[in-house]
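Asker: Sharing coords.cif below, mmCIF, C-alpha atoms (C1' of nucleotides):
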```cif
data_query
#
loop_
_atom_site.label_atom_id
_atom_site.label_comp_id
_atom_site.auth_asym_id
_atom_site.auth_seq_id
_atom_site.Cartn_x
_atom_site.Cartn_y
_atom_site.Cartn_z
CA MET A 294 -14.11 94.05 -114.15
CA ASP A 295 -16.66 96.58 -115.30
CA MET A 296 -19.93 94.79 -115.75
CA GLY A 297 -21.68 97.66 -117.43
CA SER A 298 -24.40 99.63 -115.78
CA GLU A 299 -27.59 98.26 -117.23
CA CYS A 300 -28.07 94.96 -115.50
CA HIS A 301 -26.74 92.60 -112.90
CA HIS A 302 -27.20 89.21 -114.45
CA ALA A 303 -24.85 86.50 -113.43
CA ASP A 304 -22.90 84.97 -116.25
CA GLY A 305 -24.03 81.38 -116.25
CA ALA A 306 -22.35 80.58 -119.52
CA HIS A 307 -18.79 80.33 -118.21
CA PRO A 308 -18.84 79.82 -114.48
CA GLY A 309 -15.08 79.53 -114.22
CA LEU A 310 -13.26 76.40 -113.22
CA LYS A 311 -12.38 75.16 -109.75
CA GLY A 312 -11.13 72.07 -108.02
CA PRO A 313 -10.73 69.02 -110.23
CA ALA A 314 -11.86 70.75 -113.42
CA LEU A 315 -9.26 73.46 -112.91
CA SER A 316 -6.53 70.93 -112.17
CA HIS A 317 -7.50 68.96 -115.22
CA ALA A 318 -7.35 72.01 -117.48
CA LEU A 319 -3.95 72.98 -116.11
CA GLY A 320 -2.75 69.42 -116.54
CA ALA A 321 -3.89 69.42 -120.14
CA ALA A 322 -1.94 72.63 -120.69
CA GLU A 323 1.14 71.00 -119.16
CA THR A 324 0.74 68.09 -121.50
CA ARG A 325 0.39 70.24 -124.56
CA CYS A 326 3.44 72.26 -123.56
CA ALA A 327 5.50 69.15 -122.97
CA ALA A 328 4.56 67.93 -126.42
CA THR A 329 5.94 71.04 -128.08
CA GLN A 330 9.05 71.69 -126.01
CA GLU A 331 7.45 74.70 -124.37
CA ARG A 332 7.72 75.39 -120.67
CA LEU A 333 4.66 76.14 -118.58
CA THR A 334 6.64 77.86 -115.86
CA ALA A 335 5.27 78.99 -112.52
CA PRO A 336 4.19 82.52 -113.49
CA ARG A 337 2.70 81.30 -116.77
CA ARG A 338 0.81 78.57 -115.01
CA ARG A 339 -0.40 80.98 -112.36
CA VAL A 340 -1.77 83.45 -114.91
CA LEU A 341 -3.49 80.66 -116.82
CA GLU A 342 -4.98 79.48 -113.54
CA LEU A 343 -6.34 82.94 -112.80
CA LEU A 344 -7.89 83.14 -116.25
CA LEU A 345 -9.46 79.70 -115.98
CA GLU A 346 -10.87 80.43 -112.53
CA SER A 347 -12.58 83.58 -113.63
CA ASP A 348 -15.99 83.84 -115.20
CA ALA A 349 -15.38 87.05 -117.12
CA PRO A 350 -12.62 88.68 -119.14
CA GLN A 351 -9.80 89.76 -116.87
CA LYS A 352 -7.87 92.99 -117.15
CA ALA A 353 -4.11 92.71 -117.01
CA TYR A 354 -3.98 94.72 -113.81
CA ASP A 355 -6.63 92.51 -112.23
CA LEU A 356 -4.33 89.56 -112.88
CA ILE A 357 -1.40 91.54 -111.54
CA ALA A 358 -3.30 92.30 -108.35
CA ALA A 359 -4.49 88.71 -107.91
CA PHE A 360 -1.22 87.06 -108.84
CA GLY A 361 0.25 86.41 -105.40
CA ALA A 362 -1.28 83.66 -103.30
CA HIS A 363 -1.57 85.91 -100.26
CA GLY A 364 -2.65 89.14 -101.82
CA GLU A 365 0.69 90.48 -103.01
CA ALA A 366 0.63 91.89 -106.51
CA ALA A 367 2.98 90.88 -109.30
CA LYS A 368 5.08 93.32 -111.28
CA PRO A 369 3.43 94.20 -114.60
CA PRO A 370 6.04 92.57 -116.87
CA THR A 371 5.59 89.25 -115.09
CA VAL A 372 1.96 89.07 -116.08
CA TYR A 373 2.32 90.63 -119.52
CA ARG A 374 5.04 88.13 -120.39
CA ALA A 375 2.91 85.27 -119.23
CA LEU A 376 -0.03 86.55 -121.27
CA GLU A 377 2.18 86.83 -124.33
CA PHE A 378 3.21 83.21 -123.90
CA LEU A 379 -0.35 82.01 -123.33
CA GLU A 380 -1.57 83.86 -126.40
CA ARG A 381 1.23 82.50 -128.51
CA LEU A 382 0.34 78.95 -127.58
CA GLY A 383 -3.38 79.52 -127.95
CA PHE A 384 -4.20 79.10 -124.25
CA ALA A 385 -5.54 82.60 -123.96
CA HIS A 386 -6.93 85.38 -126.10
CA ARG A 387 -6.83 89.11 -125.78
CA ILE A 388 -10.15 90.85 -126.38
CA GLU A 389 -9.02 94.06 -128.01
CA SER A 390 -12.20 96.02 -127.52
CA LEU A 391 -12.09 95.36 -123.77
CA ASN A 392 -8.34 95.42 -123.11
CA ALA A 393 -8.94 92.15 -121.35
CA TYR A 394 -7.98 88.51 -121.50
CA VAL A 395 -9.82 85.21 -121.48
CA PRO A 396 -8.73 81.60 -121.49
CA CYS A 397 -9.32 79.84 -124.78
CA ARG A 398 -12.55 77.88 -124.63
CA ILE A 399 -12.17 76.19 -128.01
CA ASP A 400 -10.22 72.97 -128.26
CA GLY A 401 -7.77 73.17 -131.10
CA GLN A 402 -5.51 76.15 -130.79
CA SER A 403 -5.79 78.46 -133.76
CA HIS A 404 -4.65 81.98 -134.42
CA ASN A 405 -8.23 82.94 -135.02
CA ALA A 406 -10.82 83.76 -132.43
CA ALA A 407 -14.29 85.18 -132.29
CA PHE A 408 -16.25 86.57 -129.38
CA LEU A 409 -19.76 87.57 -128.50
CA ILE A 410 -19.47 90.27 -125.88
CA CYS A 411 -22.47 91.27 -123.80
CA ASP A 412 -22.64 95.03 -123.28
CA CYS A 413 -24.89 94.37 -120.35
CA CYS A 414 -23.26 91.74 -118.15
CA GLY A 415 -19.75 91.80 -119.55
CA ALA A 416 -19.69 88.14 -120.50
CA ALA A 417 -17.54 87.20 -123.46
CA GLN A 418 -18.47 83.97 -125.16
CA GLU A 419 -15.99 82.51 -127.57
CA PHE A 420 -17.35 80.74 -130.58
CA GLU A 421 -15.89 78.73 -133.39
CA PRO A 422 -15.39 81.22 -136.19
CA ASP A 423 -16.25 80.50 -139.79
CA PHE A 424 -14.18 83.00 -141.71
CA THR A 425 -14.75 81.55 -145.15
CA ALA A 426 -16.36 84.70 -146.52
CA GLN A 427 -13.72 87.02 -145.05
CA LEU A 428 -10.82 84.88 -146.19
CA ALA A 429 -12.23 84.94 -149.70
CA ALA A 430 -12.50 88.73 -149.56
CA ALA A 431 -8.92 88.96 -148.31
CA GLN A 432 -7.64 86.71 -151.05
CA GLN A 433 -9.41 88.77 -153.65
CA ALA A 434 -7.65 91.85 -152.29
CA GLY A 435 -4.32 90.09 -152.57
CA TYR A 436 -3.80 89.70 -148.85
CA GLU A 437 -2.12 86.78 -147.21
CA VAL A 438 -3.91 86.41 -143.91
CA ALA A 439 -1.97 85.35 -140.83
CA GLY A 440 -4.74 85.69 -138.26
CA ILE A 441 -8.23 87.05 -137.77
CA THR A 442 -10.09 88.20 -134.72
CA LEU A 443 -13.71 89.10 -134.60
CA GLU A 444 -15.52 90.83 -131.77
CA ALA A 445 -19.27 91.20 -131.77
CA ARG A 446 -20.96 93.24 -129.09
CA GLY A 447 -24.58 93.09 -128.15
CA ARG A 448 -26.74 91.46 -125.50
CA CYS A 449 -26.57 87.87 -124.39
CA ALA A 450 -29.61 85.63 -124.05
CA ALA A 451 -29.87 86.12 -120.29
CA CYS A 452 -29.73 89.89 -120.51
CA ARG A 453 -32.30 90.05 -123.30
CA VAL A 454 -34.88 88.37 -121.08
CA SER A 455 -34.89 91.05 -118.42
CA MET B 250 2.94 105.46 -137.07
CA ASP B 251 4.94 102.27 -136.71
CA MET B 252 5.35 100.77 -140.12
CA GLY B 253 6.82 97.52 -138.86
CA SER B 254 10.38 96.56 -139.46
CA GLU B 255 10.24 94.17 -142.38
CA CYS B 256 9.74 96.41 -145.38
CA HIS B 257 9.43 99.94 -146.64
CA HIS B 258 6.71 99.74 -149.21
CA ALA B 259 4.63 102.79 -149.80
CA ASP B 260 0.96 102.28 -149.28
CA GLY B 261 -0.50 102.87 -152.69
CA ALA B 262 -3.91 101.59 -151.76
CA HIS B 263 -5.09 104.67 -149.88
CA PRO B 264 -2.96 107.64 -150.83
CA GLY B 265 -4.86 110.03 -148.64
CA LEU B 266 -6.96 112.87 -149.92
CA LYS B 267 -5.89 116.39 -150.77
CA GLY B 268 -7.18 119.47 -152.49
CA PRO B 269 -10.54 119.08 -154.20
CA ALA B 270 -10.99 115.44 -153.22
CA LEU B 271 -10.48 116.35 -149.59
CA SER B 272 -12.85 119.29 -149.79
CA HIS B 273 -15.43 117.13 -151.46
CA ALA B 274 -15.20 114.46 -148.77
CA LEU B 275 -15.53 117.06 -146.03
CA GLY B 276 -18.46 118.63 -147.84
CA ALA B 277 -20.18 115.28 -148.07
CA ALA B 278 -19.71 114.84 -144.34
CA GLU B 279 -21.23 118.29 -143.75
CA THR B 280 -24.20 117.28 -145.85
CA ARG B 281 -24.75 114.05 -144.03
CA CYS B 282 -24.55 115.82 -140.70
CA ALA B 283 -26.99 118.48 -141.76
CA ALA B 284 -29.41 115.78 -142.80
CA THR B 285 -29.41 114.22 -139.34
CA GLN B 286 -29.30 117.32 -137.14
CA GLU B 287 -25.74 116.60 -136.19
CA ARG B 288 -23.10 119.29 -136.00
CA LEU B 289 -19.76 118.93 -137.75
CA THR B 290 -18.07 121.50 -135.55
CA ALA B 291 -14.57 122.85 -136.05
CA PRO B 292 -12.64 120.32 -133.97
CA ARG B 293 -14.65 117.43 -135.39
CA ARG B 294 -14.10 118.64 -138.90
CA ARG B 295 -10.42 119.12 -138.26
CA VAL B 296 -9.94 115.59 -136.94
CA LEU B 297 -11.86 114.15 -139.88
CA GLU B 298 -9.67 116.19 -142.19
CA LEU B 299 -6.51 114.80 -140.58
CA LEU B 300 -7.82 111.28 -140.96
CA LEU B 301 -8.79 111.77 -144.58
CA GLU B 302 -5.44 113.35 -145.46
CA SER B 303 -3.47 110.46 -144.07
CA ASP B 304 -2.59 107.29 -145.87
CA ALA B 305 -2.31 105.08 -142.81
CA PRO B 306 -4.09 104.55 -139.51
CA GLN B 307 -3.46 107.45 -137.18
CA LYS B 308 -2.78 107.20 -133.47
CA ALA B 309 -4.80 109.51 -131.26
CA TYR B 310 -1.66 111.31 -130.12
CA ASP B 311 -0.56 111.79 -133.71
CA LEU B 312 -3.82 113.59 -134.31
CA ILE B 313 -3.37 115.55 -131.11
CA ALA B 314 0.08 116.65 -132.24
CA ALA B 315 -1.05 117.55 -135.76
CA PHE B 316 -4.27 119.25 -134.73
CA GLY B 317 -3.18 122.88 -134.76
CA ALA B 318 -2.64 124.56 -138.10
CA HIS B 319 0.72 125.94 -137.00
CA GLY B 320 2.13 123.02 -135.10
CA GLU B 321 0.41 123.53 -131.76
CA ALA B 322 -0.99 120.38 -130.25
CA ALA B 323 -4.57 119.94 -129.09
CA LYS B 324 -5.52 118.78 -125.64
CA PRO B 325 -6.31 115.06 -125.59
CA PRO B 326 -10.04 115.35 -124.78
CA THR B 327 -10.54 117.57 -127.81
CA VAL B 328 -9.41 114.86 -130.16
CA TYR B 329 -10.91 111.92 -128.27
CA ARG B 330 -14.28 113.63 -128.25
CA ALA B 331 -14.08 114.31 -131.95
CA LEU B 332 -13.14 110.70 -132.61
CA GLU B 333 -16.08 109.53 -130.54
CA PHE B 334 -18.38 111.67 -132.62
CA LEU B 335 -16.88 110.54 -135.91
CA GLU B 336 -17.17 106.91 -134.89
CA ARG B 337 -20.75 107.35 -133.78
CA LEU B 338 -21.69 108.78 -137.14
CA GLY B 339 -19.72 106.22 -139.11
CA PHE B 340 -17.16 108.68 -140.46
CA ALA B 341 -14.28 106.94 -138.76
CA HIS B 342 -13.37 103.61 -137.28
CA ARG B 343 -11.09 102.63 -134.48
CA ILE B 344 -8.79 99.71 -135.23
CA GLU B 345 -8.58 98.01 -131.88
CA SER B 346 -5.53 95.93 -132.57
CA LEU B 347 -3.54 99.03 -133.51
CA ASN B 348 -4.99 101.60 -131.10
CA ALA B 349 -5.42 103.73 -134.21
CA TYR B 350 -8.08 105.42 -136.27
CA VAL B 351 -9.01 105.54 -139.93
CA PRO B 352 -11.65 107.38 -141.93
CA CYS B 353 -14.45 105.16 -143.17
CA ARG B 354 -13.82 104.14 -146.76
CA ILE B 355 -17.15 102.40 -147.29
CA ASP B 356 -20.14 104.41 -148.35
CA GLY B 357 -23.10 103.58 -146.21
CA GLN B 358 -22.37 104.06 -142.57
CA SER B 359 -22.80 100.90 -140.60
CA HIS B 360 -21.79 99.84 -137.15
CA ASN B 361 -19.79 97.03 -138.69
CA ALA B 362 -16.35 97.24 -140.12
CA ALA B 363 -13.68 94.89 -141.34
CA PHE B 364 -10.00 95.51 -141.99
CA LEU B 365 -7.08 93.86 -143.65
CA ILE B 366 -4.00 95.07 -141.81
CA CYS B 367 -0.57 94.61 -143.30
CA ASP B 368 2.01 93.61 -140.68
CA CYS B 369 4.68 94.80 -143.06
CA CYS B 370 3.74 98.27 -144.29
CA GLY B 371 1.07 99.17 -141.75
CA ALA B 372 -1.65 99.74 -144.32
CA ALA B 373 -5.19 99.04 -143.20
CA GLN B 374 -7.63 98.34 -145.97
CA GLU B 375 -11.29 98.42 -145.11
CA PHE B 376 -13.53 96.00 -146.90
CA GLU B 377 -17.24 95.41 -147.03
CA PRO B 378 -17.87 92.73 -144.46
CA ASP B 379 -20.16 89.78 -145.03
CA PHE B 380 -21.02 88.69 -141.53
CA THR B 381 -23.78 86.27 -142.48
CA ALA B 382 -22.04 83.28 -140.95
CA GLN B 383 -21.13 85.07 -137.73
CA LEU B 384 -24.55 86.59 -137.30
CA ALA B 385 -26.06 83.14 -137.66
CA ALA B 386 -23.69 81.81 -135.00
CA ALA B 387 -24.57 84.69 -132.71
CA GLN B 388 -28.28 84.15 -133.16
CA GLN B 389 -27.90 80.48 -132.37
CA ALA B 390 -26.16 81.44 -129.14
CA GLY B 391 -29.06 83.73 -128.27
CA TYR B 392 -27.15 86.94 -128.77
CA GLU B 393 -28.63 90.11 -130.12
CA VAL B 394 -25.77 91.70 -132.03
CA ALA B 395 -25.36 95.46 -132.03
CA GLY B 396 -22.09 95.69 -133.92
CA ILE B 397 -19.23 93.60 -135.23
CA THR B 398 -15.67 94.44 -136.01
CA LEU B 399 -13.22 92.15 -137.70
CA GLU B 400 -9.50 92.67 -137.98
CA ALA B 401 -7.36 90.42 -140.12
CA ARG B 402 -3.63 90.79 -140.07
CA GLY B 403 -1.24 89.54 -142.70
CA ARG B 404 0.65 90.84 -145.68
CA CYS B 405 -0.76 93.01 -148.40
CA ALA B 406 -0.27 92.34 -152.11
CA ALA B 407 2.56 94.84 -152.47
CA CYS B 408 4.49 93.48 -149.52
CA ARG B 409 4.10 89.89 -150.64
CA VAL B 410 5.90 90.66 -153.90
CA SER B 411 9.13 91.78 -152.30
"C1'" DC C 224 31.36 72.42 -116.81
"C1'" DA C 225 31.58 76.25 -120.10
"C1'" DT C 226 28.46 78.42 -122.84
"C1'" DC C 227 24.24 79.55 -125.10
"C1'" DT C 228 19.52 80.47 -124.78
"C1'" DT C 229 15.43 81.32 -122.50
"C1'" DG C 230 12.93 83.03 -118.60
"C1'" DT C 231 12.50 85.95 -114.42
"C1'" DG C 232 12.94 90.05 -111.19
"C1'" DT C 233 13.10 94.92 -110.85
"C1'" DT C 234 13.03 99.83 -111.79
"C1'" DA C 235 11.45 103.23 -114.46
"C1'" DT C 236 8.94 105.25 -118.06
"C1'" DG C 237 6.13 105.55 -122.20
"C1'" DA C 238 1.56 105.34 -124.54
"C1'" DG C 239 -3.42 105.58 -124.49
"C1'" DA C 240 -7.58 107.41 -122.52
"C1'" DT C 241 -10.86 109.70 -119.37
"C1'" DA C 242 -12.88 112.22 -115.03
"C1'" DA C 243 -14.35 116.46 -113.50
"C1'" DC C 244 -15.62 121.01 -113.77
"C1'" DA C 245 -15.99 125.61 -115.80
"C1'" DT C 246 -17.32 128.17 -119.90
"C1'" DA C 247 -19.29 128.90 -124.38
"C1'" DA C 248 -22.49 128.12 -128.15
"C1'" DC C 249 -26.46 126.45 -130.30
"C1'" DT C 250 -31.92 125.84 -130.04
"C1'" DC C 251 -36.37 126.36 -128.93
"C1'" DG C 252 -40.36 128.46 -126.89
"C1'" DC C 253 -42.04 132.64 -125.88
"C1'" DG D 13 -34.57 139.34 -128.26
"C1'" DC D 14 -34.04 136.54 -124.20
"C1'" DG D 15 -34.24 133.06 -120.78
"C1'" DA D 16 -33.91 128.02 -119.98
"C1'" DG D 17 -32.28 123.71 -121.41
"C1'" DT D 18 -29.08 121.16 -123.96
"C1'" DT D 19 -24.96 120.18 -126.37
"C1'" DA D 20 -20.09 121.16 -127.21
"C1'" DT D 21 -15.60 122.97 -125.89
"C1'" DG D 22 -11.45 124.33 -122.95
"C1'" DT D 23 -8.53 122.99 -119.27
"C1'" DT D 24 -6.32 120.54 -115.52
"C1'" DA D 25 -5.23 116.51 -113.62
"C1'" DT D 26 -5.11 111.79 -113.34
"C1'" DC D 27 -5.94 107.10 -114.49
"C1'" DT D 28 -5.28 102.80 -117.05
"C1'" DC D 29 -2.56 99.96 -120.03
"C1'" DA D 30 1.86 98.36 -121.64
"C1'" DT D 31 6.88 98.03 -122.47
"C1'" DA D 32 12.13 99.30 -122.39
"C1'" DA D 33 16.23 98.13 -120.27
"C1'" DC D 34 19.29 95.61 -117.59
"C1'" DA D 35 20.84 92.23 -114.03
"C1'" DC D 36 20.32 87.63 -112.60
"C1'" DA D 37 18.79 82.69 -112.65
"C1'" DA D 38 17.63 78.34 -114.72
"C1'" DG D 39 17.49 74.90 -118.19
"C1'" DA D 40 19.79 72.98 -122.50
"C1'" DT D 41 23.80 71.48 -125.30
"C1'" DG D 42 28.07 70.06 -126.59
#
```
Output the file's structure as C-alpha cells, nothing else.

Answerer:
Amino acid sequence: MDMGSECHHADGAHPGLKGPALSHALGAAETRCAATQERLTAPRRRVLELLLESDAPQKAYDLIAAFGAHGEAAKPPTVYRALEFLERLGFAHRIESLNAYVPCRIDGQSHNAAFLICDCCGAAQEFEPDFTAQLAAAQQAGYEVAGITLEARGRCAACRVS
Amino acid sequence: MDMGSECHHADGAHPGLKGPALSHALGAAETRCAATQERLTAPRRRVLELLLESDAPQKAYDLIAAFGAHGEAAKPPTVYRALEFLERLGFAHRIESLNAYVPCRIDGQSHNAAFLICDCCGAAQEFEPDFTAQLAAAQQAGYEVAGITLEARGRCAACRVS
DNA sequence: CATCTTGTGTTATGAGATAACATAACTCGC
DNA sequence: GCGAGTTATGTTATCTCATAACACAAGATG
C-alpha cells in the first residue's frame, strides 16, 4: 500500500484485528450470513480476514498476493468474487479514489459509506454519513437514489501535528 | 460509453454543447486560464472540447480515440495529462465510480463535486454540493479536508417514468 | 438421486493508467 | 536576441486493475 511520500506516521486509528477480536469479527460475519441464507465460504472468509487484519486500505492485488496461507497467491477472480460478495453484504467497501478495499467499520450494513482519507499516511477512516442534504438535492432533481458514497481527502489528526 | 442494459432513454439533461455555445465555453476557459497564468494549450483545449461536446461521461480511451480531427487516436499520456490539467483547474471532474470524465457544469471552480449518476441511462448530473454535515464530521474527527467528492447512483427522473 | 442453482478453479484477455526519457516551446533576465 | 530555467509535449513501453468464458464441484430441492 502506498503510504504517500510526506510522512511516516503510524495509523493508530484502525490497528487491524488479531487473535480473539479477529475471531469474534469473523464469527459475527458468519452469524449474519447464516441469518440471511448467505454462505461465508472459505475464500470469502479468507478475504474478509485479510481486510480485518489490515490497518489500511488493501489493493485487490495485495489481497491476491496474501491470500494463500503459505505465500501462494490466489487467482484474481477468486479475490474479486469474494470482494463482490463482501460488498454486497456490507462487510466491505471499495474506496473508489484509491482502488482499494476496507472492511466495514460501521455496525448496521448500509449501501452508503463515507471516508476520510489521509493523503499523508494513507489511513481511511469510515464515518457515519449524514446524507440528508444530498438526498434532498437528489429528490429535487427527480432522482431516486439507490446508494451514495462520499470520499473526503485531507490530513488526519496525527499527520497534522507533525 | 456503457449505457446500462435496462433502458434506452436519451439524456436530455446535458445535451452537450455545439457551435456558438461550445465556442463560448472554450473562450471562457481561455479567459480563466489567462487570468491565472495557466496555458490552455492545444491538447488541453481539445480534450476540454471533447468533454463539452459530449452528453455523457467519457472514458479516457474514448477521448484518446476521438482526439484526432480525422479519426487518428492520441497517445494515452497526451489525454491523461490534459485531464490532469483540466481537473486541477476545475474544468473537468473524474467520476471515480465510472472511471470516466465530465466537464464541470458548476460555475465557480471548487475542489468539491457531487454527482447523481443514473444506473439506467448513464447520465451524470452534477449538483452543487452542501457538505456542511460532512465537514463537521470531519472536523470532529480531527481531519483537515482538502477536497470531497460524492457520487450517488440511482435512477434519473426520465428513467423512473418508463 | 436427478436436477437446479450457486460457487470455485483456471486460462486468457481487456480496460485503465503511468514511468521514463527525449524534444520542443514558453518565459524571464540580460 | 539569446541563454538558462521551467513547463509542456511526443513516444515507447509497461504496469496496475478487473473481467469474460468455460469446466467442474458443492449445496439445495423436490

Asker: Find the residues of chain A that sit at most 9 Å from chain C; for each, write down the nearest two atoms and how far apart they are in Å, to one decimal. Count all atoms listed in the file. Sort by chain, then by number going up, and give it as a Markdown table.

Answerer:
```
| residue | atom | partner | partner_atom | distance |
| --- | --- | --- | --- | --- |
| A:Thr334 | CA | C:DG230 | C1' | 8.6 |
| A:Lys368 | CA | C:DT233 | C1' | 8.2 |
| A:Thr371 | CA | C:DT231 | C1' | 7.7 |
```

Asker: Kindly save the residues from that selection, with C-alpha atoms included, as a PDB file, keeping the file's coordinate frame.

Answerer:
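Okay, part-v5.pdb is ready:
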```
ATOM      1  CA  THR A 334       6.640  77.860-115.860  1.00  0.00           C
ATOM      2  CA  LYS A 368       5.080  93.320-111.280  1.00  0.00           C
ATOM      3  CA  THR A 371       5.590  89.250-115.090  1.00  0.00           C
TER       4      THR A 371
END
```

Asker: Do me a favour and pick out the residues of chain D within 12 Å of chain A, using all atoms listed in the file, as a PyMOL selection string.

Answerer: chain D and resi 28-32+38-40

Asker: Taking only residues of chain A that have an atom at most 12 Å from an atom of chain B, what is each one's shortest atom pair and its distance in Å to one decimal, using only C-alpha atoms, in chain and number order, as a tab-separated table?

Answerer:
```
residue	atom	partner	partner_atom	distance
A:Ala306	CA	B:Ala390	CA	10.4
A:Arg387	CA	B:Ser346	CA	9.7
A:Ile388	CA	B:Glu345	CA	9.2
A:Glu389	CA	B:Glu345	CA	5.5
A:Ser390	CA	B:Glu345	CA	6.0
A:Leu391	CA	B:Glu345	CA	9.2
A:Asn392	CA	B:Glu345	CA	9.1
A:His404	CA	B:Arg402	CA	10.5
A:Asn405	CA	B:Ala401	CA	9.1
A:Ala406	CA	B:Leu399	CA	10.2
A:Ala407	CA	B:Gln383	CA	8.7
A:Phe408	CA	B:Ala387	CA	9.2
A:Leu409	CA	B:Ala387	CA	7.0
A:Ile410	CA	B:Tyr392	CA	8.9
A:Cys411	CA	B:Tyr392	CA	8.1
A:Asp412	CA	B:Ala395	CA	9.2
A:Cys413	CA	B:Glu393	CA	11.3
A:Ala416	CA	B:Tyr392	CA	11.2
A:Ala417	CA	B:Tyr392	CA	11.0
A:Gln418	CA	B:Ala390	CA	9.0
A:Glu419	CA	B:Ala387	CA	10.2
A:Phe420	CA	B:Ala386	CA	7.8
A:Glu421	CA	B:Ala386	CA	8.5
A:Pro422	CA	B:Gln383	CA	7.1
A:Asp423	CA	B:Ala382	CA	6.5
A:Phe424	CA	B:Ala382	CA	7.9
A:Thr425	CA	B:Ala382	CA	8.6
A:Ala426	CA	B:Asp379	CA	6.5
A:Gln427	CA	B:Asp379	CA	7.0
A:Leu428	CA	B:Ala401	CA	8.9
A:Ala429	CA	B:Asp379	CA	10.4
A:Ala430	CA	B:Phe376	CA	7.8
A:Ala431	CA	B:Leu365	CA	7.0
A:Gln432	CA	B:Ala406	CA	9.3
A:Gln433	CA	B:Ala406	CA	9.9
A:Ala434	CA	B:Ala406	CA	7.4
A:Gly435	CA	B:Ala406	CA	4.7
A:Tyr436	CA	B:Cys405	CA	4.5
A:Glu437	CA	B:Arg404	CA	5.1
A:Val438	CA	B:Gly403	CA	4.3
A:Ala439	CA	B:Gly403	CA	4.6
A:Gly440	CA	B:Arg402	CA	5.5
A:Ile441	CA	B:Ala401	CA	4.2
A:Thr442	CA	B:Glu400	CA	5.6
A:Leu443	CA	B:Leu399	CA	4.4
A:Glu444	CA	B:Thr398	CA	5.6
A:Ala445	CA	B:Ile397	CA	4.2
A:Arg446	CA	B:Gly396	CA	5.5
A:Gly447	CA	B:Val394	CA	4.3
A:Arg448	CA	B:Glu393	CA	5.2
A:Cys449	CA	B:Tyr392	CA	4.5
A:Ala450	CA	B:Gly391	CA	4.7
A:Ala451	CA	B:Gly391	CA	8.4
A:Cys452	CA	B:Tyr392	CA	9.1
A:Arg453	CA	B:Glu393	CA	7.7
A:Val454	CA	B:Gly391	CA	10.3
```

Asker: Report, in Å with one decimal, the straight-line distance from atom CA of Phe384 of chain A to atom C1' of DT41 of chain D.

Answerer: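 Interatomic distance here is 29.0 Å.
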
Asker: When you count all atoms listed in the file, which of these residues is closest to His386 of chain A: A:Ala322, A:Leu356, A:Leu341, A:Ala314?

Answerer: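 Of A:Ala322, A:Leu356, A:Leu341, A:Ala314, the one nearest His386 of chain A, counting all atoms listed in the file, is A:Leu341.
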
Asker: Quick one: pull the distance between atom C1' of DA20 of chain D and atom CA of Ala341 of chain B, Å, one decimal.

Answerer: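 Calculated distance between atom C1' of DA20 of chain D and atom CA of Ala341 of chain B is 19.2 Å.
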